[in-house]
Structures are given as structure tokens and as C-alpha cells.
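**Student:** This is protein_33.tsv (TSV, C-alpha atoms).
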```tsv
chain	number	residue	atom	x	y	z
A	10	MET	CA	-52.06	-59.45	12.11
A	11	GLU	CA	-49.23	-61.72	13.20
A	12	SER	CA	-45.85	-60.82	11.79
A	13	THR	CA	-44.01	-63.31	9.62
A	14	TYR	CA	-40.31	-63.90	9.57
A	15	SER	CA	-37.71	-66.20	8.08
A	16	ALA	CA	-35.65	-68.57	10.17
A	17	LEU	CA	-32.74	-67.83	7.85
A	18	PRO	CA	-30.70	-64.84	9.04
A	19	ASP	CA	-30.79	-61.96	6.57
A	20	ASP	CA	-27.08	-61.34	7.12
A	21	ALA	CA	-26.03	-64.86	6.10
A	22	PRO	CA	-25.48	-64.98	2.32
A	23	VAL	CA	-25.07	-68.24	0.43
A	24	ILE	CA	-21.50	-68.92	-0.71
A	25	ARG	CA	-19.86	-71.66	-2.76
A	26	GLU	CA	-16.37	-71.03	-1.41
A	27	LEU	CA	-15.09	-69.94	2.00
A	28	ASP	CA	-12.79	-67.01	1.22
A	29	LEU	CA	-11.48	-65.64	4.50
A	30	GLU	CA	-9.61	-62.83	2.77
A	31	ALA	CA	-12.92	-61.53	1.41
A	32	VAL	CA	-14.21	-60.88	4.95
A	33	PRO	CA	-13.38	-57.25	5.86
A	34	LYS	CA	-11.02	-56.83	8.78
A	35	GLY	CA	-12.64	-56.09	12.10
A	36	THR	CA	-15.97	-57.68	11.15
A	37	LEU	CA	-18.02	-60.76	11.96
A	38	GLN	CA	-19.93	-62.39	9.14
A	39	ARG	CA	-22.18	-65.42	8.84
A	40	PHE	CA	-22.60	-67.59	5.76
A	41	TRP	CA	-24.45	-70.59	4.39
A	42	LEU	CA	-21.84	-72.66	2.55
A	43	HIS	CA	-23.41	-74.73	-0.24
A	44	LEU	CA	-21.57	-78.00	0.36
A	45	VAL	CA	-23.55	-80.67	-1.55
A	46	THR	CA	-27.01	-81.26	-3.03
A	47	ASP	CA	-29.61	-83.78	-1.90
A	48	GLY	CA	-31.57	-86.37	-3.89
A	49	MET	CA	-33.88	-83.70	-5.35
A	50	GLY	CA	-31.01	-81.47	-6.33
A	51	MET	CA	-31.70	-79.10	-3.45
A	52	PRO	CA	-28.68	-77.48	-1.77
A	53	VAL	CA	-27.41	-78.63	1.61
A	54	PHE	CA	-26.03	-75.58	3.42
A	55	ILE	CA	-23.46	-75.63	6.23
A	56	PRO	CA	-23.55	-72.67	8.67
A	57	VAL	CA	-20.21	-70.89	8.96
A	58	ILE	CA	-19.33	-67.93	11.19
A	59	VAL	CA	-16.18	-65.88	10.57
A	60	ALA	CA	-14.72	-63.23	12.87
A	61	ARG	CA	-11.78	-61.58	11.14
A	62	GLY	CA	-9.74	-59.41	13.45
A	63	ALA	CA	-8.50	-55.91	12.77
A	64	GLU	CA	-4.94	-57.28	12.76
A	65	GLU	CA	-3.47	-60.28	10.97
A	66	GLY	CA	-2.84	-63.43	12.99
A	67	PRO	CA	-3.54	-67.16	13.13
A	68	VAL	CA	-6.74	-68.82	11.95
A	69	VAL	CA	-8.47	-70.88	14.64
A	70	GLY	CA	-11.29	-73.19	13.53
A	71	LEU	CA	-14.04	-74.59	15.73
A	72	THR	CA	-16.21	-77.48	14.56
A	73	ALA	CA	-19.13	-79.26	16.22
A	74	ALA	CA	-21.69	-81.99	15.48
A	75	VAL	CA	-19.56	-84.17	13.22
A	76	HIS	CA	-21.99	-86.73	14.66
A	77	GLY	CA	-25.60	-85.63	14.43
A	78	ASN	CA	-26.44	-86.40	18.07
A	79	GLU	CA	-23.52	-84.45	19.58
A	80	LEU	CA	-25.09	-81.15	20.56
A	81	ASN	CA	-23.06	-79.56	23.37
A	82	GLY	CA	-20.54	-78.07	20.96
A	83	ILE	CA	-23.19	-76.04	19.13
A	84	PRO	CA	-23.88	-73.52	21.94
A	85	VAL	CA	-20.17	-73.41	22.76
A	86	ILE	CA	-19.51	-71.98	19.29
A	87	GLN	CA	-22.60	-69.76	19.35
A	88	ARG	CA	-21.65	-68.24	22.70
A	89	LEU	CA	-18.04	-67.68	21.70
A	90	PHE	CA	-19.06	-65.51	18.75
A	91	ARG	CA	-21.49	-63.56	20.94
A	92	GLU	CA	-18.70	-62.83	23.41
A	93	ILE	CA	-15.92	-61.73	21.07
A	94	ASP	CA	-15.52	-58.42	19.24
A	95	ALA	CA	-13.86	-58.86	15.87
A	96	ARG	CA	-12.45	-55.34	16.10
A	97	GLU	CA	-10.44	-56.38	19.15
A	98	ILE	CA	-8.98	-59.72	18.05
A	99	LYS	CA	-5.80	-60.52	16.17
A	100	GLY	CA	-6.26	-63.15	13.48
A	101	THR	CA	-9.40	-65.00	12.41
A	102	ILE	CA	-11.83	-67.34	14.16
A	103	VAL	CA	-14.01	-69.65	12.07
A	104	GLY	CA	-16.93	-71.52	13.60
A	105	VAL	CA	-18.88	-74.40	12.05
A	106	PRO	CA	-21.67	-75.08	14.58
A	107	VAL	CA	-22.93	-78.12	12.63
A	108	VAL	CA	-20.68	-80.21	10.38
A	109	ASN	CA	-23.03	-83.16	9.83
A	110	LEU	CA	-26.21	-81.25	9.01
A	111	PRO	CA	-28.15	-84.14	7.38
A	112	SER	CA	-27.72	-86.29	10.49
A	113	LEU	CA	-28.52	-83.47	12.90
A	114	LEU	CA	-31.88	-82.97	11.17
A	115	ARG	CA	-32.59	-86.71	11.41
A	116	LYS	CA	-31.41	-86.83	15.04
A	117	LYS	CA	-29.01	-89.59	14.06
A	118	ARG	CA	-25.34	-90.09	14.89
A	119	ARG	CA	-24.18	-91.45	11.54
A	120	PHE	CA	-24.35	-89.97	8.06
A	121	ILE	CA	-27.28	-90.70	5.74
A	122	ASP	CA	-25.58	-93.78	4.24
A	123	GLY	CA	-24.90	-95.26	7.70
A	124	THR	CA	-21.23	-94.21	7.77
A	125	ASP	CA	-19.47	-92.66	10.74
A	126	LEU	CA	-18.02	-89.47	9.23
A	127	ASN	CA	-15.33	-89.34	11.90
A	128	HIS	CA	-13.88	-92.65	10.72
A	129	ILE	CA	-13.43	-91.76	7.02
A	130	MET	CA	-11.70	-88.38	7.07
A	131	PRO	CA	-10.36	-86.85	4.85
A	132	GLY	CA	-12.80	-88.61	2.53
A	133	ARG	CA	-12.47	-88.77	-1.26
A	134	GLU	CA	-13.14	-86.16	-3.91
A	135	ASP	CA	-14.65	-88.82	-6.23
A	136	GLY	CA	-16.00	-91.17	-3.58
A	137	ASN	CA	-19.44	-92.19	-2.35
A	138	VAL	CA	-21.97	-89.95	-0.58
A	139	SER	CA	-20.24	-89.79	2.79
A	140	GLN	CA	-16.71	-89.71	1.36
A	141	VAL	CA	-17.45	-86.67	-0.83
A	142	TYR	CA	-19.14	-84.89	2.08
A	143	ALA	CA	-16.12	-85.57	4.32
A	144	TYR	CA	-13.69	-84.49	1.58
A	145	ARG	CA	-15.42	-81.15	1.13
A	146	ILE	CA	-15.57	-80.48	4.88
A	147	VAL	CA	-11.81	-81.04	5.12
A	148	ASN	CA	-10.70	-79.33	1.91
A	149	TRP	CA	-13.26	-76.54	1.58
A	150	ILE	CA	-13.26	-75.49	5.23
A	151	VAL	CA	-10.77	-77.11	7.61
A	152	ALA	CA	-7.78	-76.75	5.26
A	153	LYS	CA	-7.97	-72.99	5.81
A	154	PHE	CA	-7.23	-73.30	9.56
A	155	ASP	CA	-3.94	-73.11	11.45
A	156	TYR	CA	-5.51	-74.63	14.57
A	157	LEU	CA	-8.58	-76.84	14.98
A	158	ILE	CA	-10.70	-77.51	18.06
A	159	ASP	CA	-13.25	-80.24	17.21
A	160	LEU	CA	-16.10	-80.63	19.72
A	161	HIS	CA	-17.74	-84.01	20.35
A	162	THR	CA	-19.74	-85.82	23.06
A	163	ALA	CA	-20.42	-89.40	24.10
A	164	SER	CA	-22.71	-91.56	21.97
A	165	PHE	CA	-26.10	-93.19	22.62
A	166	GLY	CA	-26.44	-94.85	26.01
A	167	ARG	CA	-23.11	-93.55	27.30
A	168	VAL	CA	-21.78	-90.62	29.31
A	169	ASN	CA	-18.38	-88.92	29.19
A	170	SER	CA	-16.18	-86.97	31.50
A	171	TYR	CA	-14.92	-83.67	30.09
A	172	TYR	CA	-11.82	-84.97	28.35
A	173	ILE	CA	-9.45	-84.25	25.47
A	174	ARG	CA	-7.91	-86.35	22.75
A	175	ALA	CA	-4.62	-84.94	21.51
A	176	ASP	CA	-1.24	-85.89	20.13
A	177	MET	CA	0.75	-85.10	23.26
A	178	SER	CA	4.05	-85.68	21.43
A	179	SER	CA	3.56	-82.32	19.69
A	180	GLU	CA	4.40	-79.47	22.05
A	181	THR	CA	1.95	-77.04	20.43
A	182	THR	CA	-0.89	-79.56	20.44
A	183	ARG	CA	-0.04	-80.58	24.00
A	184	ARG	CA	-0.32	-76.97	25.12
A	185	MET	CA	-3.70	-76.61	23.39
A	186	ALA	CA	-4.92	-79.68	25.26
A	187	LEU	CA	-3.69	-78.48	28.66
A	188	LEU	CA	-5.36	-75.09	28.13
A	189	GLN	CA	-8.78	-76.77	28.06
A	190	ASN	CA	-8.72	-77.29	31.85
A	191	ALA	CA	-10.17	-80.75	31.24
A	192	GLN	CA	-10.61	-83.53	33.75
A	193	ILE	CA	-8.67	-86.04	31.62
A	194	ILE	CA	-6.36	-85.81	28.59
A	195	VAL	CA	-5.70	-88.91	26.48
A	196	HIS	CA	-2.67	-89.12	24.20
A	197	ASN	CA	-4.07	-90.20	20.86
A	198	PRO	CA	-1.91	-90.33	17.71
A	199	PRO	CA	-3.73	-88.45	14.95
A	200	SER	CA	-3.73	-90.69	11.85
A	201	ASP	CA	-6.99	-92.43	12.70
A	202	GLY	CA	-9.59	-91.35	10.13
A	203	THR	CA	-10.92	-88.57	12.34
A	204	LEU	CA	-11.35	-84.91	11.46
A	205	ARG	CA	-8.59	-84.18	13.96
A	206	GLY	CA	-6.33	-86.68	12.21
A	207	ALA	CA	-7.08	-85.26	8.77
A	208	ALA	CA	-6.26	-81.78	10.05
A	209	ASP	CA	-2.97	-82.99	11.49
A	210	GLU	CA	-2.00	-84.48	8.14
A	211	LEU	CA	-2.46	-80.99	6.67
A	212	GLY	CA	-0.09	-79.52	9.25
A	213	ILE	CA	-2.92	-78.10	11.39
A	214	HIS	CA	-2.55	-78.39	15.16
A	215	ALA	CA	-5.76	-80.10	16.27
A	216	ILE	CA	-7.43	-81.44	19.41
A	217	THR	CA	-10.73	-83.15	20.11
A	218	LEU	CA	-12.91	-81.97	23.00
A	219	GLU	CA	-15.28	-84.59	24.36
A	220	VAL	CA	-17.85	-82.29	25.94
A	221	GLY	CA	-20.28	-84.45	27.92
A	222	ASN	CA	-23.30	-86.43	26.80
A	223	PRO	CA	-25.33	-86.76	23.55
A	224	ASN	CA	-28.75	-85.35	22.61
A	225	THR	CA	-28.76	-82.59	25.20
A	226	PHE	CA	-27.31	-79.26	26.26
A	227	GLN	CA	-25.32	-79.38	29.53
A	228	LYS	CA	-24.61	-75.92	30.91
A	229	GLY	CA	-21.56	-76.96	32.95
A	230	HIS	CA	-19.83	-78.71	30.06
A	231	ILE	CA	-20.70	-75.86	27.71
A	232	ARG	CA	-19.09	-73.36	30.09
A	233	SER	CA	-16.01	-75.57	30.40
A	234	GLY	CA	-15.62	-75.91	26.63
A	235	LEU	CA	-16.01	-72.17	26.19
A	236	THR	CA	-13.36	-71.45	28.83
A	237	GLY	CA	-10.89	-73.76	27.13
A	238	ILE	CA	-11.35	-72.07	23.76
A	239	HIS	CA	-10.95	-68.62	25.31
A	240	ASN	CA	-7.72	-69.89	26.90
A	241	VAL	CA	-6.35	-70.96	23.51
A	242	LEU	CA	-7.22	-67.59	21.94
A	243	ALA	CA	-5.53	-65.78	24.82
A	244	HIS	CA	-2.45	-68.05	24.64
A	245	LEU	CA	-2.11	-67.37	20.89
A	246	GLY	CA	-2.28	-63.63	21.52
A	247	MET	CA	-5.51	-63.30	19.58
A	248	THR	CA	-7.37	-61.66	22.46
A	249	GLY	CA	-6.37	-59.58	25.44
A	250	ASP	CA	-7.79	-62.09	27.90
A	251	THR	CA	-5.72	-63.91	30.49
A	252	VAL	CA	-5.55	-67.68	30.68
A	253	GLU	CA	-7.84	-69.16	33.32
A	254	GLU	CA	-5.94	-71.78	35.29
A	255	PRO	CA	-7.59	-75.13	36.13
A	256	GLU	CA	-8.97	-75.85	39.58
A	257	ALA	CA	-7.13	-79.19	39.46
A	258	PRO	CA	-4.57	-80.57	36.99
A	259	ALA	CA	-5.85	-82.91	34.29
A	260	ILE	CA	-5.18	-86.61	34.59
A	261	LEU	CA	-2.84	-87.42	31.69
A	262	CYS	CA	-3.30	-90.82	30.06
A	263	LYS	CA	-0.88	-92.51	27.69
A	264	ASP	CA	-3.66	-94.59	26.16
A	265	SER	CA	-7.24	-95.72	26.69
A	266	SER	CA	-9.51	-98.61	25.76
A	267	TRP	CA	-13.06	-99.86	26.19
A	268	LEU	CA	-14.07	-102.89	28.23
A	269	TYR	CA	-16.79	-104.94	26.50
A	270	THR	CA	-19.28	-107.60	27.56
A	271	ASP	CA	-18.97	-111.12	26.18
A	272	THR	CA	-22.65	-111.97	26.68
A	273	GLY	CA	-25.88	-110.03	26.88
A	274	GLY	CA	-28.06	-109.05	29.82
A	275	ILE	CA	-28.94	-106.27	32.26
A	276	LEU	CA	-25.78	-104.30	32.96
A	277	THR	CA	-24.89	-102.28	36.05
A	278	VAL	CA	-21.66	-100.24	35.85
A	279	GLN	CA	-20.36	-99.28	39.28
A	280	PRO	CA	-17.54	-96.67	39.07
A	281	GLY	CA	-18.33	-93.03	38.39
A	282	LEU	CA	-16.74	-90.78	35.83
A	283	THR	CA	-13.11	-89.78	36.59
A	284	GLU	CA	-12.98	-92.45	39.34
A	285	ARG	CA	-9.71	-94.35	39.60
A	286	VAL	CA	-9.92	-98.14	39.66
A	287	LYS	CA	-7.39	-100.87	40.42
A	288	ALA	CA	-6.56	-103.93	38.33
A	289	GLY	CA	-8.95	-106.72	39.30
A	290	GLN	CA	-11.49	-104.37	40.89
A	291	GLU	CA	-15.12	-105.19	40.12
A	292	VAL	CA	-16.51	-102.55	37.75
A	293	ALA	CA	-19.77	-104.08	36.47
A	294	THR	CA	-22.24	-106.91	36.92
A	295	LEU	CA	-24.57	-108.58	34.44
A	296	ARG	CA	-27.92	-110.23	35.20
A	297	ASN	CA	-30.46	-111.99	33.00
A	298	ILE	CA	-34.01	-110.79	32.45
A	299	PHE	CA	-35.18	-112.74	35.52
A	300	GLY	CA	-32.66	-110.90	37.68
A	301	ASP	CA	-30.31	-113.86	38.13
A	302	PHE	CA	-26.61	-113.06	38.39
A	303	ILE	CA	-24.68	-113.95	35.22
A	304	LYS	CA	-21.23	-112.45	35.40
A	305	ARG	CA	-18.91	-109.99	37.12
A	306	TYR	CA	-16.50	-107.78	35.16
A	307	THR	CA	-13.24	-106.47	36.57
A	308	ALA	CA	-10.78	-103.77	35.52
A	309	PRO	CA	-7.99	-105.26	33.35
A	310	HIS	CA	-5.48	-102.73	34.71
A	311	ASP	CA	-5.19	-99.70	36.95
A	312	GLY	CA	-6.90	-96.75	35.33
A	313	VAL	CA	-9.32	-93.85	35.38
A	314	VAL	CA	-12.91	-93.95	34.11
A	315	ILE	CA	-13.22	-91.66	31.08
A	316	GLY	CA	-16.69	-92.74	30.00
A	317	LYS	CA	-19.22	-95.46	30.77
A	318	SER	CA	-22.40	-97.13	29.60
A	319	VAL	CA	-25.62	-95.97	31.25
A	320	SER	CA	-27.92	-98.18	29.18
A	321	PRO	CA	-28.91	-101.24	31.25
A	322	ILE	CA	-29.79	-103.36	28.21
A	323	ASN	CA	-26.47	-104.62	26.92
A	324	GLN	CA	-26.01	-107.15	24.13
A	325	THR	CA	-22.98	-109.35	23.58
A	326	GLY	CA	-20.05	-107.11	22.72
A	327	GLY	CA	-21.64	-104.05	24.32
A	328	ARG	CA	-19.50	-101.35	25.91
A	329	ILE	CA	-19.02	-101.27	29.68
A	330	LEU	CA	-16.59	-98.47	30.41
A	331	HIS	CA	-13.82	-96.45	28.81
A	332	LEU	CA	-10.66	-96.82	30.87
A	333	GLY	CA	-7.68	-94.51	30.61
A	334	MET	CA	-4.13	-95.58	31.47
A	335	PRO	CA	-2.54	-92.70	33.45
A	336	MET	CA	1.02	-91.76	32.56
```
Could you spell out this file's structure in C-alpha cells?

**Tutor:**
Amino acid sequence: MESTYSALPDDAPVIRELDLEAVPKGTLQRFWLHLVTDGMGMPVFIPVIVARGAEEGPVVGLTAAVHGNELNGIPVIQRLFREIDAREIKGTIVGVPVVNLPSLLRKKRRFIDGTDLNHIMPGREDGNVSQVYAYRIVNWIVAKFDYLIDLHTASFGRVNSYYIRADMSSETTRRMALLQNAQIIVHNPPSDGTLRGAADELGIHAITLEVGNPNTFQKGHIRSGLTGIHNVLAHLGMTGDTVEEPEAPAILCKDSSWLYTDTGGILTVQPGLTERVKAGQEVATLRNIFGDFIKRYTAPHDGVVIGKSVSPINQTGGRILHLGMPM
């Protein structure tokens, strides 16, 4: 007879409140946090992992899949908790492998009402479906952190370098960003409706990791994200590890912006990720469905390619490439 089993871990009880003090010191525990209920009144559970060290210390939070198609951050968090021993850390590490569970199950980027959760943080306690969900993520979970590392990827039809968004005017946040050993770091003021911005408004030092491409697991990017998190834990004195230095320094950018098409057609983007381009350099061409040349696009300023479109079918107003402005 074939054995039967449950996909739900036996050691993951359902909770209605994340109480870090209730987790015994020197232990790792997993929970299902009952965040909201669906249209049938059934609970929607968020997976939460807590490793509380034997000694007191800071609380570092890790979140992934705020967008339902951003998968690389999930194994980063899973692997981290397999590699650490709660008895040997100082402080507490909290992992939320999937923030936007309804969208992950639907294999969609946006929330069930079509809203981008990362544009409406910190949400509203008495708001609509997405606003309440965002509010509870921020206030029931993230508000308990001292530091936040939020893992993202590119969106549909685009690819990203391994880069960081951080408020580089804050020395603590700047150091967190540099410890990621990323290819590119973009200075990005925090009050922008993102989870990172909502955390900053609560006094939590927060950075965003853009860890590769959507809808897939990329081993190299996963390893890089994991190394960066280990570096932060070591820097904060939470583990006995040493900081792993980068092979090459990150390219620091004071700002970044997307270049868009002004008509539709078949798009070819020429520069590669992390490639530097000069103002006026051709970066993309557009052709019609018959293959006739329509238009050439050039870089508006000197910069470095952070991300780019890889979808040839590009409508009017479609993205071409994400260009950083080096400091």
C-alpha cells in the first residue's frame, strides 16, 4: 500500500499573531500565519520561519515574492534557514518565503484585485482587498524587524542584473547594500509605496535585492543573494562567519530610469546587462511585422544597463531598457 502524507509540515502550527518572544531561544520554528480569509471564508496562510538565537540581538527579516512571479527569493530564504543553527546565532532571523501567496498560486505578478502590492505599502487597516493585505503584512510581520532584506526579480518579458535598491544617504542602509556584493547599487529614496519604503518609515533599515529574472530559479543569482544575506548577518555580529568580499566593486548609481518606445513593433535591444553605454549610442531598433525598419533608439545619457526587455513584441509605451546613472 502506498503511504499517504500531508504537504503541510507537522511542525508548522497555525498562528494569528507573530510573537517572536514566544519562540524559545536557540530554536528554529515554522508557522502558518492566518493573514486574511478568502471569498468562502477559508483562511489564507502565510509561511513564516523564525530562528531565535541563544543570545539576544537584532531582528533581521527576509521577505520574498511580494509579486507572485518573483521566485528566486524563495530558495534563498529556504537555504538560509537550512544553513544556520539557531543555537549559534545572536538575535533573531525571520523569513517570509512568500508574501503574496494568492498571486503565487495563480502565477500572476499582481494581487487578486489587479493591484501591485509593492506600490501601495503600508496599505490601510480599513481599506480594500489589497490595502488590507498590505497593511497586515507590514504591521503584523515587518514591524517586528530591525532590518529588512526584500527579495525581488524582474517582471514579465524582462531580465535584470543582480542589483540593489537602497537609500544610500543612510550609512547603515548603505553598508547593508554594499555587503550584498551586487553588480549595481541604485540610490533610491524610500518613501515610494514599496515594502522597503514602508519599513523605512517605521525606522527599519531596509534594502531591496533584485535577484535576476521572473518565473524561474537561477542558481547563480540564488547563491549571490544568499551570500549577501550571510554577509549582513556576519556584519551585525549575529553569526561567527566572516564577510565575503566582492570579486569586483559594485557600480554605484545616483538614479535610474527606463527608456520607453513611442510606437509599437518588433524590438531588438542591443546592450547586455551591466554594459556601459554612452549618450547618443544606439541601444535598440524597432521593425514592423513585415521586417521593415521603423525606428532607432539611443541612450539619453551615459549610463549602465540595469535591466532590459527581452520580449520582441513591444507596444507603444513598452519598456526598452533600465539605465542607471553612475555616481

**Student:** Residues proximal to (-28.7, -88.7, 13.3) were defined as those with any atom within 6 Å of that point in the file's coordinates, counting only C-alpha atoms. Which are they, as a compact mmCIF listing (two decimals) with C-alpha atoms, in the coordinates of the input?

**Tutor:**
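The new file out_1.txt reads:
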```txt
# COMPACT_ATOMS: atom_id res chain seq x y z
CA GLY A 77 -25.60 -85.63 14.43
CA ASN A 78 -26.44 -86.40 18.07
CA SER A 112 -27.72 -86.29 10.49
CA LEU A 113 -28.52 -83.47 12.90
CA ARG A 115 -32.59 -86.71 11.41
CA LYS A 116 -31.41 -86.83 15.04
CA LYS A 117 -29.01 -89.59 14.06
CA ARG A 118 -25.34 -90.09 14.89
CA ARG A 119 -24.18 -91.45 11.54
```

**Student:** Place a sphere of radius 10 Å on (-6.7, -84.6, 13.1) in the file coordinates and name every protein, DNA or RNA residue with an atom inside or on its surface, counting all atoms listed in the file; give the answer as number ranges by chain.

**Tutor:** A: 127, 130-131, 157-159, 174-176, 197-217

**Student:** Could the residues in this selection be written to a file with C-alpha atoms, as a short mmCIF file (atom, residue, chain, number, x, y, z; two decimals), in the coordinates of the input?

**Tutor:**
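After the write, result-v8.cif holds the following:
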```
data_model
loop_
_atom_site.label_atom_id
_atom_site.label_comp_id
_atom_site.auth_asym_id
_atom_site.auth_seq_id
_atom_site.Cartn_x
_atom_site.Cartn_y
_atom_site.Cartn_z
CA ASN A 127 -15.33 -89.34 11.90
CA MET A 130 -11.70 -88.38 7.07
CA PRO A 131 -10.36 -86.85 4.85
CA LEU A 157 -8.58 -76.84 14.98
CA ILE A 158 -10.70 -77.51 18.06
CA ASP A 159 -13.25 -80.24 17.21
CA ARG A 174 -7.91 -86.35 22.75
CA ALA A 175 -4.62 -84.94 21.51
CA ASP A 176 -1.24 -85.89 20.13
CA ASN A 197 -4.07 -90.20 20.86
CA PRO A 198 -1.91 -90.33 17.71
CA PRO A 199 -3.73 -88.45 14.95
CA SER A 200 -3.73 -90.69 11.85
CA ASP A 201 -6.99 -92.43 12.70
CA GLY A 202 -9.59 -91.35 10.13
CA THR A 203 -10.92 -88.57 12.34
CA LEU A 204 -11.35 -84.91 11.46
CA ARG A 205 -8.59 -84.18 13.96
CA GLY A 206 -6.33 -86.68 12.21
CA ALA A 207 -7.08 -85.26 8.77
CA ALA A 208 -6.26 -81.78 10.05
CA ASP A 209 -2.97 -82.99 11.49
CA GLU A 210 -2.00 -84.48 8.14
CA LEU A 211 -2.46 -80.99 6.67
CA GLY A 212 -0.09 -79.52 9.25
CA ILE A 213 -2.92 -78.10 11.39
CA HIS A 214 -2.55 -78.39 15.16
CA ALA A 215 -5.76 -80.10 16.27
CA ILE A 216 -7.43 -81.44 19.41
CA THR A 217 -10.73 -83.15 20.11
#
```

**Student:** Which polymer residues have any atom within 10 Å of an atom of Arg328 (chain A), counting all atoms listed in the file, with same-chain residues fewer than 3 positions away left out, as a PyMOL selection string?

**Tutor:** chain A and resi 166-167+267-271+276+316-320+323-325+331

**Student:** Could you check which of A:Val85, A:Lys263, A:Glu134, A:Val195 is closest to Trp149 (chain A), using all atoms listed in the file?

**Tutor:**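 Of the candidates, the smallest distance to Trp149 (chain A) is held by A:Glu134.
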
**Student:** Which residue gives the smallest distance to Leu330 (chain A) among A:Arg296, A:Phe154, A:Thr162, A:Gly281, with only C-alpha atoms counted?

**Tutor:**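 Of A:Arg296, A:Phe154, A:Thr162, A:Gly281, the one nearest Leu330 (chain A), counting only C-alpha atoms, is A:Gly281.
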
**Student:** Between A:Ser265, A:Ser170, A:Glu219, A:Ile303, single out the one closest to Glu284 (chain A), counting all atoms listed in the file.

**Tutor:**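 Of A:Ser265, A:Ser170, A:Glu219, A:Ile303, the one nearest Glu284 (chain A), counting all atoms listed in the file, is A:Ser170.
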
**Student:** Go ahead and compute the interatomic distance for CA of Phe40 (chain A) and CA of Val59 (chain A), in Å to one decimal.

**Tutor:**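 It comes out at 8.2 Å.
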
**Student:** Can you report as JSON the centre and edge lengths in Å, to one decimal, of an axis-aligned box around the listed atoms of region 276-287 of chain A padded with 4 Å on each side?

**Tutor:**
```
{"center_x": -16.6, "center_y": -97.0, "center_z": 36.7, "size_x": 26.4, "size_y": 22.5, "size_z": 15.5}
```

**Student:** May I ask for the distance between CA of Ala308 (chain A) and CA of Pro258 (chain A), given in Å to one decimal place?

**Tutor:**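 So the answer is 24.1 Å.
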
**Student:** Just to confirm, what's the straight-line distance from CA of Ala288 (chain A) to CA of Ala259 (chain A) in Å (one decimal)?

**Tutor:** 21.4 Å
